[in-house]
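Have a look at query-v3.cif; it's mmCIF, C-alpha atoms and all ligand atoms:
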```cif
data_final
loop_
_atom_site.label_atom_id
_atom_site.label_comp_id
_atom_site.auth_asym_id
_atom_site.auth_seq_id
_atom_site.Cartn_x
_atom_site.Cartn_y
_atom_site.Cartn_z
CA MET A 1 -7.36 -16.79 -25.38
CA THR A 2 -9.91 -19.54 -25.01
CA PRO A 3 -9.65 -20.94 -21.51
CA GLN A 4 -10.37 -24.64 -21.06
CA THR A 5 -12.43 -23.97 -17.95
CA THR A 6 -14.84 -21.23 -17.07
CA PRO A 7 -13.58 -18.93 -14.29
CA GLY A 8 -15.99 -20.61 -11.87
CA GLN A 9 -14.14 -23.86 -12.33
CA ALA A 10 -10.67 -22.33 -12.20
CA ASP A 11 -8.55 -24.35 -9.86
CA VAL A 12 -6.50 -22.68 -7.16
CA GLY A 13 -4.39 -25.77 -6.61
CA ALA A 14 -4.94 -29.46 -5.92
CA GLU A 15 -5.63 -28.79 -2.26
CA PRO A 16 -6.43 -25.12 -2.39
CA LEU A 17 -6.72 -24.09 1.23
CA VAL A 18 -4.04 -26.44 2.48
CA SER A 19 -1.44 -25.11 0.09
CA LEU A 20 -2.51 -21.47 0.52
CA LEU A 21 -2.17 -21.88 4.28
CA ARG A 22 1.20 -23.62 4.06
CA ASP A 23 2.63 -20.80 1.93
CA LEU A 24 1.05 -18.10 4.10
CA LYS A 25 2.50 -19.66 7.25
CA GLN A 26 5.95 -19.72 5.66
CA LEU A 27 5.85 -16.03 4.73
CA THR A 28 4.20 -14.85 7.95
CA GLU A 29 6.73 -16.62 10.13
CA LEU A 30 9.48 -14.67 8.39
CA GLU A 31 8.97 -11.34 10.13
CA SER A 32 9.80 -8.50 7.74
CA PRO A 33 9.62 -4.98 9.18
CA SER A 34 10.40 -2.30 6.59
CA SER A 35 13.30 -1.15 8.78
CA ASP A 36 15.21 -4.43 8.37
CA PRO A 37 16.27 -4.90 4.70
CA LEU A 38 17.81 -8.33 5.36
CA ALA A 39 14.58 -9.65 6.89
CA VAL A 40 12.61 -8.26 3.94
CA CYS A 41 15.12 -9.95 1.61
CA ALA A 42 14.44 -13.30 3.25
CA VAL A 43 10.77 -13.03 2.28
CA GLN A 44 11.72 -11.93 -1.24
CA ASP A 45 14.08 -14.94 -1.54
CA VAL A 46 11.25 -17.37 -0.77
CA VAL A 47 8.92 -15.69 -3.25
CA GLU A 48 11.67 -15.62 -5.87
CA SER A 49 12.07 -19.38 -5.46
CA TRP A 50 8.34 -19.76 -6.20
CA ALA A 51 8.78 -17.59 -9.30
CA ARG A 52 11.75 -19.65 -10.48
CA ALA A 53 9.77 -22.85 -10.02
CA LEU A 54 7.36 -21.36 -12.57
CA GLN A 55 10.26 -20.60 -14.95
CA ALA A 56 9.98 -16.84 -14.47
CA ARG A 57 12.96 -14.67 -15.33
CA THR A 58 13.93 -12.88 -12.12
CA HIS A 59 15.93 -9.71 -11.52
CA ALA A 60 17.06 -7.64 -8.56
CA LEU A 61 16.30 -4.01 -9.39
CA PRO A 62 17.95 -0.95 -7.84
CA GLY A 63 16.52 -0.03 -4.43
CA GLY A 64 15.76 -3.58 -3.30
CA THR A 65 12.79 -4.45 -5.55
CA ARG A 66 12.58 -7.93 -7.13
CA GLN A 67 11.16 -8.32 -10.62
CA PHE A 68 9.63 -11.58 -11.87
CA LEU A 69 8.71 -11.94 -15.56
CA PHE A 70 6.17 -14.54 -16.67
CA GLY A 71 5.86 -14.95 -20.43
CA VAL A 72 7.22 -11.45 -21.10
CA PRO A 73 8.96 -11.47 -24.52
CA GLU A 74 12.72 -11.24 -24.09
CA SER A 75 13.31 -8.72 -26.85
CA GLY A 76 12.21 -5.16 -26.25
CA GLY A 77 9.75 -3.38 -28.52
CA ALA A 78 7.10 -6.10 -28.37
CA ASP A 79 3.67 -5.01 -29.61
CA ASP A 80 1.84 -6.28 -26.56
CA LYS A 81 2.46 -4.57 -23.25
CA ALA A 82 2.67 -6.66 -20.11
CA LEU A 83 0.22 -6.79 -17.24
CA LEU A 84 1.93 -5.36 -14.15
CA VAL A 85 1.26 -6.78 -10.68
CA LEU A 86 2.43 -4.88 -7.59
CA MET A 87 3.06 -6.26 -4.11
CA HIS A 88 5.28 -5.54 -1.11
CA ALA A 89 7.28 -7.85 1.15
CA ASP A 90 7.54 -5.54 4.17
CA THR A 91 5.08 -5.18 7.06
CA VAL A 92 4.48 -2.59 9.76
CA TRP A 93 5.23 -5.14 12.48
CA PRO A 94 8.53 -5.06 14.41
CA HIS A 95 10.58 -8.18 15.18
CA GLY A 96 9.08 -10.19 18.02
CA THR A 97 5.44 -9.52 17.12
CA LEU A 98 4.90 -13.23 16.45
CA GLY A 99 5.37 -13.82 20.18
CA GLU A 100 2.15 -11.93 20.94
CA MET A 101 0.21 -12.62 17.76
CA PRO A 102 1.42 -15.96 16.38
CA PHE A 103 0.29 -17.37 13.07
CA ARG A 104 -2.83 -19.33 13.92
CA VAL A 105 -6.09 -20.58 12.42
CA GLU A 106 -9.28 -20.01 14.43
CA GLY A 107 -12.43 -21.15 12.67
CA GLU A 108 -12.75 -19.22 9.40
CA ARG A 109 -9.94 -16.80 10.25
CA VAL A 110 -6.19 -17.02 9.99
CA TYR A 111 -4.34 -14.53 12.18
CA GLY A 112 -0.81 -13.19 12.15
CA PRO A 113 1.27 -10.08 11.48
CA GLY A 114 1.20 -9.16 7.79
CA THR A 115 -1.30 -11.85 6.79
CA TYR A 116 -3.88 -9.39 5.42
CA ASP A 117 -1.42 -6.60 4.53
CA MET A 118 -0.22 -8.25 2.40
CA LYS A 119 1.46 -11.65 2.53
CA GLY A 120 -1.92 -13.23 1.75
CA GLY A 121 -1.91 -11.20 -1.48
CA ILE A 122 1.51 -12.59 -2.44
CA VAL A 123 0.43 -16.17 -1.72
CA GLY A 124 -2.84 -15.71 -3.64
CA LEU A 125 -1.02 -14.30 -6.65
CA PHE A 126 1.29 -17.30 -6.84
CA ALA A 127 -1.64 -19.71 -6.53
CA ALA A 128 -3.23 -17.84 -9.45
CA LEU A 129 -0.01 -17.93 -11.50
CA ARG A 130 0.31 -21.69 -10.93
CA ALA A 131 -3.31 -22.19 -11.97
CA LEU A 132 -2.52 -20.51 -15.30
CA GLN A 133 -0.17 -23.44 -16.08
CA GLY A 134 2.08 -21.35 -18.29
CA GLN A 135 -0.80 -19.83 -20.32
CA TYR A 136 0.07 -16.18 -19.87
CA PRO A 137 -1.69 -13.33 -21.69
CA ALA A 138 -0.01 -11.73 -24.72
CA GLY A 139 2.78 -9.46 -23.47
CA GLY A 140 3.10 -11.56 -20.34
CA ILE A 141 2.92 -10.66 -16.65
CA GLU A 142 5.50 -8.53 -14.85
CA VAL A 143 5.49 -8.78 -11.06
CA LEU A 144 7.28 -6.34 -8.75
CA LEU A 145 7.90 -7.30 -5.10
CA THR A 146 8.99 -4.13 -3.30
CA PRO A 147 10.71 -3.75 0.10
CA ASP A 148 9.38 -0.49 1.54
CA GLU A 149 5.71 0.21 0.81
CA GLU A 150 4.83 0.67 4.47
CA THR A 151 7.36 3.49 4.87
CA GLY A 152 6.42 5.41 1.73
CA SER A 153 8.16 3.43 -1.08
CA HIS A 154 11.10 5.84 -1.20
CA HIS A 155 13.43 3.18 -2.64
CA SER A 156 10.93 1.59 -5.04
CA ARG A 157 8.88 4.46 -6.42
CA ALA A 158 11.16 5.05 -9.42
CA VAL A 159 11.10 1.42 -10.62
CA ILE A 160 7.32 1.24 -10.12
CA GLU A 161 6.78 4.37 -12.21
CA VAL A 162 9.02 3.10 -15.00
CA ALA A 163 7.26 -0.29 -15.02
CA ALA A 164 3.85 1.42 -15.19
CA GLN A 165 4.87 3.06 -18.44
CA ARG A 166 5.38 -0.29 -20.14
CA ALA A 167 2.19 -1.84 -18.67
CA ARG A 168 -1.23 -2.05 -20.29
CA ALA A 169 -2.90 -2.45 -16.88
CA VAL A 170 -1.80 -2.66 -13.26
CA LEU A 171 -3.20 -5.00 -10.63
CA VAL A 172 -2.31 -4.35 -6.99
CA VAL A 173 -2.66 -7.31 -4.64
CA GLU A 174 -3.13 -5.21 -1.53
CA PRO A 175 -6.09 -6.56 0.47
CA PRO A 176 -9.68 -5.73 -0.47
CA VAL A 177 -11.69 -3.43 1.81
CA ALA A 178 -12.42 -5.02 5.22
CA GLU A 179 -15.95 -6.44 5.73
CA SER A 180 -17.29 -5.53 2.26
CA HIS A 181 -14.34 -7.30 0.53
CA ALA A 182 -14.70 -4.64 -2.20
CA LEU A 183 -11.97 -3.68 -4.64
CA LYS A 184 -10.28 -0.29 -4.36
CA THR A 185 -10.93 1.96 -7.35
CA GLY A 186 -9.42 5.10 -5.84
CA ARG A 187 -7.15 6.11 -3.01
CA LYS A 188 -6.38 9.44 -1.52
CA GLY A 189 -3.02 11.06 -2.05
CA VAL A 190 -0.93 11.10 1.11
CA GLY A 191 1.37 13.81 2.39
CA GLN A 192 3.40 14.35 5.53
CA PHE A 193 4.88 17.57 6.78
CA ARG A 194 6.98 18.58 9.79
CA VAL A 195 6.85 22.12 11.12
CA GLU A 196 9.79 23.16 13.30
CA VAL A 197 9.40 26.24 15.42
CA GLN A 198 12.44 28.15 16.68
CA GLY A 199 11.67 30.76 19.35
CA VAL A 200 13.75 32.54 21.97
CA ALA A 201 14.40 31.06 25.43
CA ALA A 202 14.09 33.19 28.60
CA HIS A 203 13.47 32.80 32.33
CA ALA A 204 9.76 32.14 32.76
CA GLY A 205 9.53 34.08 36.02
CA ASN A 206 12.05 36.90 35.79
CA LYS A 207 12.14 37.94 32.13
CA PRO A 208 9.33 36.25 30.21
CA HIS A 209 8.99 39.26 27.88
CA GLU A 210 12.51 38.59 26.57
CA GLY A 211 11.46 35.17 25.35
CA ALA A 212 9.41 34.15 22.34
CA SER A 213 7.55 30.93 23.08
CA ALA A 214 7.87 28.29 20.40
CA ILE A 215 4.99 26.41 22.02
CA THR A 216 2.59 29.37 21.83
CA GLU A 217 3.51 29.83 18.17
CA ALA A 218 3.12 26.10 17.49
CA ALA A 219 -0.31 26.08 19.12
CA ARG A 220 -1.53 28.89 16.86
CA GLN A 221 -0.03 27.21 13.79
CA VAL A 222 -1.67 23.87 14.62
CA LEU A 223 -5.11 25.50 14.45
CA ALA A 224 -4.24 27.24 11.18
CA VAL A 225 -2.92 24.03 9.63
CA GLN A 226 -5.94 21.95 10.62
CA ALA A 227 -8.19 24.61 9.10
CA LEU A 228 -6.72 23.66 5.69
CA ALA A 229 -8.98 20.58 5.69
CA ASP A 230 -11.88 20.66 3.23
CA HIS A 231 -14.45 18.01 4.01
CA ALA A 232 -16.49 18.58 0.85
CA LYS A 233 -13.43 18.00 -1.32
CA GLY A 234 -12.26 15.00 0.70
CA THR A 235 -9.19 16.76 2.09
CA THR A 236 -8.20 15.79 5.62
CA VAL A 237 -5.44 17.45 7.64
CA SER A 238 -4.43 16.13 11.05
CA VAL A 239 -1.62 17.09 13.40
CA GLY A 240 -0.68 13.69 14.78
CA CYS A 241 2.46 14.43 16.78
CA ILE A 242 3.66 17.44 18.74
CA GLY A 243 6.60 18.16 20.98
CA GLY A 244 8.61 20.98 22.43
CA GLY A 245 10.07 22.76 25.42
CA GLY A 246 12.46 21.35 27.99
CA ALA A 247 12.01 22.69 31.49
CA VAL A 248 8.76 24.07 32.82
CA ASN A 249 10.37 27.30 34.11
CA VAL A 250 11.85 28.26 30.72
CA ILE A 251 10.06 30.07 27.89
CA PRO A 252 10.50 27.33 25.28
CA ALA A 253 12.81 27.99 22.33
CA ARG A 254 11.85 24.87 20.38
CA ALA A 255 8.72 23.02 19.31
CA PHE A 256 7.64 20.88 16.39
CA PHE A 257 4.55 19.16 15.05
CA ASP A 258 3.88 16.59 12.33
CA VAL A 259 0.99 16.78 9.91
CA ASP A 260 -0.81 14.01 7.99
CA VAL A 261 -2.59 15.19 4.82
CA ARG A 262 -4.94 13.20 2.54
CA VAL A 263 -6.32 14.57 -0.72
CA SER A 264 -8.64 13.23 -3.42
CA THR A 265 -7.30 15.44 -6.20
CA LEU A 266 -3.90 16.73 -7.26
CA GLU A 267 -5.32 20.25 -7.17
CA GLU A 268 -6.09 19.93 -3.48
CA GLY A 269 -2.63 18.47 -2.90
CA GLU A 270 -1.09 21.55 -4.47
CA ARG A 271 -3.31 23.93 -2.49
CA VAL A 272 -2.37 22.36 0.85
CA THR A 273 1.32 22.07 -0.05
CA THR A 274 1.50 25.75 -1.01
CA ALA A 275 -0.32 26.82 2.16
CA MET A 276 2.05 24.73 4.29
CA GLN A 277 5.11 26.25 2.61
CA GLU A 278 3.73 29.76 3.13
CA LEU A 279 3.05 29.42 6.86
CA ALA A 280 4.22 32.59 8.57
CA ALA A 281 4.98 33.15 12.25
CA HIS A 282 2.71 35.43 14.25
CA ASP A 283 5.68 36.57 16.37
CA GLU A 284 8.44 38.01 14.18
CA ARG A 285 11.11 36.69 16.56
CA VAL A 286 10.02 33.14 15.81
CA LYS A 287 11.27 31.16 12.81
CA LEU A 288 9.24 28.40 11.15
CA THR A 289 10.82 25.66 9.03
CA VAL A 290 8.45 23.45 7.02
CA SER A 291 9.65 20.18 5.47
CA GLY A 292 7.92 17.27 3.76
CA GLY A 293 5.28 17.16 1.05
CA LEU A 294 2.92 14.88 -0.82
CA ASN A 295 4.65 11.49 -1.05
CA ARG A 296 1.86 9.69 -2.92
CA PRO A 297 -0.26 11.44 -5.54
CA PRO A 298 -3.99 10.72 -5.41
CA PHE A 299 -5.20 7.62 -7.24
CA GLU A 300 -8.26 9.24 -8.81
CA ARG A 301 -11.32 7.08 -9.57
CA SER A 302 -11.12 7.14 -13.38
CA ASP A 303 -13.17 5.65 -16.22
CA ARG A 304 -10.31 3.33 -17.15
CA THR A 305 -10.10 1.96 -13.61
CA LEU A 306 -13.88 1.51 -13.57
CA ALA A 307 -13.63 -0.40 -16.86
CA LEU A 308 -11.20 -2.84 -15.22
CA TYR A 309 -13.51 -3.10 -12.22
CA ALA A 310 -16.50 -3.88 -14.49
CA LYS A 311 -14.51 -6.76 -15.97
CA ALA A 312 -13.59 -8.03 -12.50
CA ARG A 313 -17.15 -7.74 -11.31
CA ALA A 314 -18.46 -9.79 -14.24
CA LEU A 315 -15.85 -12.49 -13.56
CA ALA A 316 -16.77 -12.53 -9.86
CA GLU A 317 -20.40 -13.00 -10.78
CA GLU A 318 -19.49 -16.06 -12.86
CA ILE A 319 -17.53 -17.41 -9.93
CA GLY A 320 -20.53 -16.76 -7.73
CA PHE A 321 -19.99 -13.68 -5.59
CA ASP A 322 -20.89 -10.04 -5.61
CA LEU A 323 -17.90 -7.71 -5.91
CA GLY A 324 -18.16 -4.06 -4.88
CA GLU A 325 -15.76 -1.13 -5.28
CA GLU A 326 -14.81 1.71 -2.93
CA VAL A 327 -12.51 4.71 -2.75
CA VAL A 328 -10.35 4.58 0.40
CA GLY A 329 -8.23 7.01 2.39
CA GLY A 330 -5.05 4.94 2.67
CA GLY A 331 -2.43 5.05 -0.09
CA SER A 332 -0.61 2.20 -1.85
CA ASP A 333 1.86 1.82 -4.70
CA GLY A 334 -1.21 1.95 -6.98
CA ASN A 335 -1.12 5.71 -6.36
CA PHE A 336 2.07 5.87 -8.43
CA THR A 337 0.70 3.87 -11.37
CA ALA A 338 -2.88 5.18 -11.60
CA PRO A 339 -1.87 8.43 -13.36
CA VAL A 340 0.08 6.39 -15.96
CA ALA A 341 -1.84 3.13 -16.58
CA PRO A 342 -5.29 1.73 -15.72
CA THR A 343 -4.95 0.46 -12.14
CA LEU A 344 -7.14 -1.81 -10.03
CA ASP A 345 -6.34 -2.34 -6.36
CA GLY A 346 -7.54 -4.65 -3.58
CA LEU A 347 -6.99 -7.95 -5.41
CA GLY A 348 -5.30 -9.60 -2.41
CA ALA A 349 -6.72 -11.72 0.39
CA PRO A 350 -10.01 -10.69 2.08
CA GLY A 351 -9.89 -10.12 5.83
CA ASP A 352 -9.59 -7.29 8.32
CA GLY A 353 -7.28 -5.58 10.79
CA ALA A 354 -4.48 -4.05 8.72
CA HIS A 355 -1.84 -2.64 11.11
CA ALA A 356 -3.93 -3.91 14.07
CA ALA A 357 -3.65 -6.75 16.58
CA HIS A 358 -6.64 -8.62 15.09
CA GLU A 359 -5.11 -8.72 11.59
CA HIS A 360 -6.50 -11.77 9.79
CA ILE A 361 -7.63 -13.33 6.53
CA ARG A 362 -11.05 -14.88 5.94
CA LEU A 363 -10.55 -18.48 4.85
CA ASP A 364 -14.15 -18.88 3.71
CA ARG A 365 -13.72 -16.01 1.23
CA TRP A 366 -10.12 -16.36 0.18
CA PRO A 367 -10.40 -19.08 -2.52
CA ASP A 368 -13.00 -17.07 -4.45
CA HIS A 369 -10.69 -14.06 -4.54
CA VAL A 370 -7.84 -16.25 -5.79
CA ARG A 371 -10.16 -17.59 -8.51
CA LEU A 372 -11.02 -14.01 -9.43
CA LEU A 373 -7.36 -13.04 -9.71
CA THR A 374 -6.67 -16.15 -11.81
CA ALA A 375 -9.52 -15.25 -14.18
CA LEU A 376 -8.33 -11.64 -14.44
CA LEU A 377 -4.76 -12.66 -15.25
CA ARG A 378 -6.10 -15.03 -17.89
CA GLU A 379 -8.61 -12.72 -19.52
CA LEU A 380 -7.34 -9.16 -19.24
ZN ZN B 1 0.02 -3.02 2.12
#
```
Kindly return the structure encoded in the file as structure tokens.
Ligand SMILES: [Zn+2]
Amino acid sequence: MTPQTTPGQADVGAEPLVSLLRDLKQLTELESPSSDPLAVCAVQDVVESWARALQARTHALPGGTRQFLFGVPESGGADDKALLVLMHADTVWPHGTLGEMPFRVEGERVYGPGTYDMKGGIVGLFAALRALQGQYPAGGIEVLLTPDEETGSHHSRAVIEVAAQRARAVLVVEPPVAESHALKTGRKGVGQFRVEVQGVAAHAGNKPHEGASAITEAARQVLAVQALADHAKGTTVSVGCIGGGGAVNVIPARAFFDVDVRVSTLEEGERVTTAMQELAAHDERVKLTVSGGLNRPPFERSDRTLALYAKARALAEEIGFDLGEEVVGGGSDGNFTAPVAPTLDGLGAPGDGAHAAHEHIRLDRWPDHVRLLTALLREL
């Protein structure tokens, strides 16, 4: 394609910031916790109306994901594969959050629940799509708007993996890294486990020897589990929740703890998973039940992802800013596509405070990142 303008001149709309802010306000003020499918649907409906205004073909896929097709040939078996763009409509914020952290602009920052993660990414993508004015790359652009990324993508993983197989590259409009505004070229794999401990109850004063304390067993297991971490290999293991017992004068029959695991390689994921499944009780009267596993494979920093990054970096330089890249600990839906297709993440709105009360987008930086996304969609 020969673009009429250089990326540096790419327009993000007639009144860029005004329209970006208007759209962001509209999406942010529709609270959409992952736990409320109807609320998430309301956000998807608005975004679908934007897609229709651009003549996209739109579909509701199984599991609550919306699919928008821009310039994708209608007949199957086309030679050119589509570019796939991933984004999610849900947020971690419960209903009522707007009361404490309303949508508001303060200087160069725009605050509100879900602005940075990742309604700003959705708004930026649509500004970029409009700027393309119907000039889509060969094979077109397929966009998936999922409903449940923040709770592990259990209902959308299958459609994401299928879409990745027909994509020549995947762009994820999750936010860039806070402060550095760098793209994400790798993410750790994420796992969660629950260990349930079943002991034997007894009177704590009269017959303690008849009991088998689930709490004592859990305490020993917690130390064993945390020792599975391997700093040099980037593997972290953290017991984040624990509970058990009932009354203080009873040898406790029940306890549980929950484990968060992050790995940089599939090999490490398998090592930790096997070790968790093979946990054995120290006291033979105690039973351990381990559930859970790795729910996102690692997004390994690969040559093909770095090739996409190099392209993005060159485009950013033409636009006039320096674009870095980092590997991060948090997962995204890019973890599902990276093993299948070249994936670049962090193409959303720059800011800070994901999942935190100071969540915001940086208005001074945002238009450049929208220009970058526009240029990438045009030239990849
Ligand atoms: Zn996100």
Q: Work out how far atom CA of A:Pro298 is from atom CA of A:Arg313, in Å to one decimal.
A: 23.4 Å
Q.
Give me, as a VMD selection string, the set of residues whose atoms come within 8 Å of any atom of ligand ZN 1 (chain B), counting all atoms listed in the file.
A. chain A and resid 87 to 88 91 117 to 118 149 to 150 174 to 175 332
Restricted to C-alpha atoms, what would the selected residues look like written as a short mmCIF file (atom, residue, chain, number, x, y, z; two decimals), keeping the file's coordinate frame?
```
data_model
loop_
_atom_site.label_atom_id
_atom_site.label_comp_id
_atom_site.auth_asym_id
_atom_site.auth_seq_id
_atom_site.Cartn_x
_atom_site.Cartn_y
_atom_site.Cartn_z
CA MET A 87 3.06 -6.26 -4.11
CA HIS A 88 5.28 -5.54 -1.11
CA THR A 91 5.08 -5.18 7.06
CA ASP A 117 -1.42 -6.60 4.53
CA MET A 118 -0.22 -8.25 2.40
CA GLU A 149 5.71 0.21 0.81
CA GLU A 150 4.83 0.67 4.47
CA GLU A 174 -3.13 -5.21 -1.53
CA PRO A 175 -6.09 -6.56 0.47
CA SER A 332 -0.61 2.20 -1.85
#
```
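Restricting the calculation to only C-alpha atoms, the smallest distance between A:Arg220 and any of A:Ser264, A:Ile319, A:Ala280, A:Arg157 is found for A:Ala280.
The space between atom CA of A:His203 and atom CA of A:Gly244 spans 16.2 Å.
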Q.
One number please: atom CA of A:Val47 to atom CA of A:Ile122, in Å, one decimal.
A.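 Value for the atom CA of A:Val47-atom CA of A:Ile122 distance: 8.1 Å.
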Q.
I'd like the neighbourhood of A:Val272 as a list in words, where a residue qualifies if any of its atoms comes within 9 Å (using all atoms listed in the file), though same-chain residues fewer than 6 positions away should be ignored.
A. Val225, Leu228, Ala229, Thr235, Val237, Val261 and Val263 of chain A
**Q.** Proximity to A:Glu74 - best of A:Gly99, A:Pro113, A:Gly107, A:Gly140, all atoms listed in the file
**A.** A:Gly140
Export of stretch 119-127 of chain A: all heavy atoms, as a compact mmCIF listing (two decimals), in the first residue's frame:
```
# COMPACT_ATOMS: atom_id res chain seq x y z
N LYS A 119 -10.38 0.43 28.30
CA LYS A 119 -11.34 1.13 27.44
C LYS A 119 -10.65 2.17 26.56
O LYS A 119 -11.09 2.43 25.43
CB LYS A 119 -12.47 1.72 28.28
CG LYS A 119 -13.37 0.58 28.81
CD LYS A 119 -14.42 1.00 29.78
CE LYS A 119 -15.33 -0.21 30.09
NZ LYS A 119 -16.28 0.05 31.18
N GLY A 120 -9.54 2.73 27.07
CA GLY A 120 -8.76 3.65 26.23
C GLY A 120 -8.21 2.93 25.00
O GLY A 120 -8.11 3.52 23.91
N GLY A 121 -7.87 1.66 25.15
CA GLY A 121 -7.37 0.88 24.02
C GLY A 121 -8.44 0.67 22.97
O GLY A 121 -8.18 0.73 21.77
N ILE A 122 -9.68 0.44 23.42
CA ILE A 122 -10.80 0.25 22.49
C ILE A 122 -11.04 1.55 21.71
O ILE A 122 -11.17 1.56 20.48
CB ILE A 122 -12.09 -0.13 23.27
CG1 ILE A 122 -11.89 -1.45 24.03
CG2 ILE A 122 -13.27 -0.21 22.31
CD1 ILE A 122 -13.05 -1.81 24.95
N VAL A 123 -11.08 2.66 22.46
CA VAL A 123 -11.34 3.96 21.83
C VAL A 123 -10.23 4.30 20.83
O VAL A 123 -10.49 4.77 19.71
CB VAL A 123 -11.46 5.05 22.93
CG1 VAL A 123 -11.45 6.44 22.32
CG2 VAL A 123 -12.73 4.82 23.75
N GLY A 124 -8.98 4.06 21.22
CA GLY A 124 -7.84 4.35 20.34
C GLY A 124 -7.89 3.52 19.07
O GLY A 124 -7.61 4.01 17.97
N LEU A 125 -8.27 2.25 19.21
CA LEU A 125 -8.36 1.38 18.03
C LEU A 125 -9.39 1.93 17.05
O LEU A 125 -9.15 1.98 15.84
CB LEU A 125 -8.76 -0.05 18.42
CG LEU A 125 -9.04 -0.93 17.20
CD1 LEU A 125 -7.75 -1.22 16.43
CD2 LEU A 125 -9.74 -2.22 17.59
N PHE A 126 -10.54 2.36 17.56
CA PHE A 126 -11.57 2.86 16.63
C PHE A 126 -11.17 4.18 16.00
O PHE A 126 -11.50 4.44 14.83
CB PHE A 126 -12.95 2.87 17.30
CG PHE A 126 -13.60 1.53 17.14
CD1 PHE A 126 -13.31 0.50 18.03
CD2 PHE A 126 -14.42 1.25 16.05
CE1 PHE A 126 -13.84 -0.77 17.85
CE2 PHE A 126 -14.96 -0.02 15.86
CZ PHE A 126 -14.66 -1.04 16.76
N ALA A 127 -10.43 5.02 16.73
CA ALA A 127 -9.91 6.24 16.11
C ALA A 127 -8.96 5.87 14.97
O ALA A 127 -8.98 6.47 13.89
CB ALA A 127 -9.19 7.09 17.15
```
